[in-house]
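K.L.:
Please find one structure pasted underneath; my questions will follow.
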Amino acid sequence: MSKALRVWLPDEAATVSAGNLLAAVVQSVSSAAGLVIFLHGTLGAGKTTFSRGFIRALGHEGAVKSPTYTLVEPYEQLTPATWHFDLYRLGDPEELEFMGIRDYLVPGNVCLVEWPERGAGILPTPDLELTLAPEGGGRSLIAEQRTEAGRVLLTRFHERLRSTAPFDGAMTETDLE
Ligand SMILES: Nc1ncnc2c1ncn2[C@@H]1O[C@H](COP(=O)(O)OP(=O)(O)OP(=O)(O)O)[C@@H](O)[C@H]1O
Ligand SMILES: [Mg+2]
């Protein structure tokens, strides 16, 4: 059985701030292993907005654009070093091998992956899977753990959300079979 968290994000600022909180959690986990976080959701669901919150919280001051054409944007100077993927335009999952995907998936790195479905078969099992969906003018965010590291991240993410407005009271935890 694994846990899933469901959070209501009323506006863009809430999506950014959820990304901020997850970045703080990632920094608090002294794991030597690399982390892979999948971001699911339809076009315009808020995946890049969340990623921007994450990357800015790690100290990046410039713009965070979706790497739609380049497929990946490096933020190597950050701690932890972060790679932001957008695989929407990936023709074939095997192209990831040519891009040198294995060089990114190493201990100490974080990979945020938008449109991970496009890399099925080549991408590894993620630690966390996040799903954003439009709902009543805002967004819902579902976070699911997929590994032991993901379990630790999800527990701490839950703790942070619980003590931060507007998330306190806008969250539920579910057991998944
Ligand atoms: N919680 C929210 N409530 C309302 N609007 C939001 C929320 N979060 C993000 N948005 C808005 O959703 C729009 C699309 O966001 P974003 O570009 O992050 O989507 P995306 O999932 O990355 O899309 P794509 O699949 O095209 O990469 C932006 O205009 C952003 O302001
Ligand atoms: Mg995007």
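Here's how to read the names in the structure tokens: chain A, B, ... by the order shown, residue numbers from 1 in each chain, ligand numbers from 1 in the order shown.
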List all protein, DNA and RNA residues that have at least one atom no more than 6 Å from any atom of ligand 2, counting only C-alpha atoms and all ligand atoms, and write them as a ChimeraX atom specification.
P.N.:
/A:47-48,66
K.L.:
Taking only C-alpha atoms and all ligand atoms into account, report as a PyMOL selection string which residues have an atom no farther than 8 Å from an atom of ligand 1.
P.N.:
chain A and resi 8-16+40-51+66+68+86+88+114-115+132+134+137-140
K.L.:
Any idea what's packed within 10 Å of A:Val106, counting only C-alpha atoms, ignoring anything in its chain fewer than 5 positions away? Could you give it as a PyMOL selection string?
P.N.:
chain A and resi 32-36+101+111
K.L.:
Keeping only C-alpha atoms, write the selected residues as a short mmCIF file (atom, residue, chain, number, x, y, z; two decimals), in the first residue's frame.
P.N.:
```cif
data_model
loop_
_atom_site.label_atom_id
_atom_site.label_comp_id
_atom_site.auth_asym_id
_atom_site.auth_seq_id
_atom_site.Cartn_x
_atom_site.Cartn_y
_atom_site.Cartn_z
CA ALA A 32 22.96 10.71 -1.94
CA ALA A 33 20.72 9.09 -4.52
CA GLY A 34 19.32 11.08 -7.40
CA LEU A 35 15.62 11.96 -7.33
CA VAL A 36 13.20 11.71 -10.22
CA ILE A 101 19.69 10.69 -20.26
CA CYS A 111 15.18 15.50 -12.52
#
```
K.L.:
Take atom CA of A:Thr70 and atom CA of A:Gln27 and report the distance between them in Å, one decimal.
P.N.:
26.6 Å
K.L.:
Name the residues in contact with A:Arg162 at a cut-off of 12 Å, using only C-alpha atoms, excluding same-chain residues fewer than 5 positions from it; report them as number ranges by chain.
P.N.:
A: 5-7, 18, 21, 155-157, 167-173
K.L.:
Looking at A:Leu58, A:Tyr104, A:Leu141, A:Glu73, which one is nearest to A:Pro124, with distances taken over only C-alpha atoms?
P.N.:
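Nearest to A:Pro124: A:Tyr104.
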K.L.:
Identify all residues of chain A in helix (DSSP H, G or I) (DSSP on the backbone) and supply them as an NGL selection string.
P.N.:
:A and (12-28 or 47-57 or 95-98 or 101-104 or 116-119 or 148-162)
K.L.:
Please produce a file of the residues just selected, as a PDB file, in the first residue's frame, where the atoms kept are C-alpha atoms.
P.N.:
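File produced: selection14.pdb:
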```
ATOM      1  CA  GLU A  12      -1.084  30.363  -9.721  1.00  0.00           C
ATOM      2  CA  ALA A  13       0.633  31.645  -6.563  1.00  0.00           C
ATOM      3  CA  ALA A  14      -0.439  28.485  -4.731  1.00  0.00           C
ATOM      4  CA  THR A  15       1.109  26.296  -7.462  1.00  0.00           C
ATOM      5  CA  VAL A  16       4.383  28.264  -7.185  1.00  0.00           C
ATOM      6  CA  SER A  17       4.332  27.985  -3.441  1.00  0.00           C
ATOM      7  CA  ALA A  18       3.699  24.226  -3.511  1.00  0.00           C
ATOM      8  CA  GLY A  19       6.791  23.980  -5.761  1.00  0.00           C
ATOM      9  CA  ASN A  20       8.730  26.084  -3.217  1.00  0.00           C
ATOM     10  CA  LEU A  21       7.761  23.721  -0.410  1.00  0.00           C
ATOM     11  CA  LEU A  22       8.733  20.584  -2.309  1.00  0.00           C
ATOM     12  CA  ALA A  23      12.151  22.114  -3.071  1.00  0.00           C
ATOM     13  CA  ALA A  24      12.697  22.808   0.628  1.00  0.00           C
ATOM     14  CA  VAL A  25      11.785  19.188   1.352  1.00  0.00           C
ATOM     15  CA  VAL A  26      14.185  17.892  -1.301  1.00  0.00           C
ATOM     16  CA  GLN A  27      16.968  20.013   0.211  1.00  0.00           C
ATOM     17  CA  SER A  28      16.193  18.621   3.664  1.00  0.00           C
ATOM     18  CA  LYS A  47       3.518  21.706 -14.529  1.00  0.00           C
ATOM     19  CA  THR A  48       5.928  24.478 -15.535  1.00  0.00           C
ATOM     20  CA  THR A  49       4.449  26.829 -12.934  1.00  0.00           C
ATOM     21  CA  PHE A  50       5.149  24.224 -10.241  1.00  0.00           C
ATOM     22  CA  SER A  51       8.657  23.631 -11.629  1.00  0.00           C
ATOM     23  CA  ARG A  52       9.324  27.381 -11.558  1.00  0.00           C
ATOM     24  CA  GLY A  53       8.426  27.449  -7.853  1.00  0.00           C
ATOM     25  CA  PHE A  54      10.748  24.503  -7.249  1.00  0.00           C
ATOM     26  CA  ILE A  55      13.716  25.882  -9.221  1.00  0.00           C
ATOM     27  CA  ARG A  56      13.391  29.430  -7.852  1.00  0.00           C
ATOM     28  CA  ALA A  57      13.296  28.122  -4.286  1.00  0.00           C
ATOM     29  CA  GLU A  95      15.888   9.759 -28.339  1.00  0.00           C
ATOM     30  CA  LEU A  96      16.424  10.086 -24.604  1.00  0.00           C
ATOM     31  CA  GLU A  97      19.341   7.685 -24.903  1.00  0.00           C
ATOM     32  CA  PHE A  98      20.914   9.906 -27.594  1.00  0.00           C
ATOM     33  CA  ILE A 101      19.685  10.693 -20.257  1.00  0.00           C
ATOM     34  CA  ARG A 102      21.859   8.410 -18.125  1.00  0.00           C
ATOM     35  CA  ASP A 103      24.245  11.275 -17.433  1.00  0.00           C
ATOM     36  CA  TYR A 104      21.432  13.186 -15.753  1.00  0.00           C
ATOM     37  CA  PRO A 116       7.037  11.679 -18.697  1.00  0.00           C
ATOM     38  CA  GLU A 117       4.581   9.436 -20.625  1.00  0.00           C
ATOM     39  CA  ARG A 118       6.561  10.321 -23.762  1.00  0.00           C
ATOM     40  CA  GLY A 119       9.673   8.713 -22.308  1.00  0.00           C
ATOM     41  CA  GLU A 148      11.297   4.628  -0.329  1.00  0.00           C
ATOM     42  CA  ALA A 149      12.912   8.022  -1.003  1.00  0.00           C
ATOM     43  CA  GLY A 150       9.550   9.140  -2.387  1.00  0.00           C
ATOM     44  CA  ARG A 151       7.842   8.015   0.812  1.00  0.00           C
ATOM     45  CA  VAL A 152      10.136  10.228   2.877  1.00  0.00           C
ATOM     46  CA  LEU A 153       9.597  13.161   0.499  1.00  0.00           C
ATOM     47  CA  LEU A 154       5.820  12.762   0.583  1.00  0.00           C
ATOM     48  CA  THR A 155       5.701  12.600   4.388  1.00  0.00           C
ATOM     49  CA  ARG A 156       7.757  15.773   4.710  1.00  0.00           C
ATOM     50  CA  PHE A 157       5.853  17.526   1.920  1.00  0.00           C
ATOM     51  CA  HIS A 158       2.646  16.742   3.798  1.00  0.00           C
ATOM     52  CA  GLU A 159       4.099  18.203   7.023  1.00  0.00           C
ATOM     53  CA  ARG A 160       5.129  21.419   5.291  1.00  0.00           C
ATOM     54  CA  LEU A 161       1.808  21.828   3.505  1.00  0.00           C
ATOM     55  CA  ARG A 162      -0.048  21.242   6.766  1.00  0.00           C
TER      56      ARG A 162
END
```
K.L.:
When you draw a straight line from atom CA of A:Thr79 to atom CA of A:Gly108, how long is it in Å?
P.N.:
8.6 Å
K.L.:
So how many Å separate atom CA of A:Leu87 and atom CA of A:Lys3, to one decimal?
P.N.:
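A separation of 26.7 Å between them.
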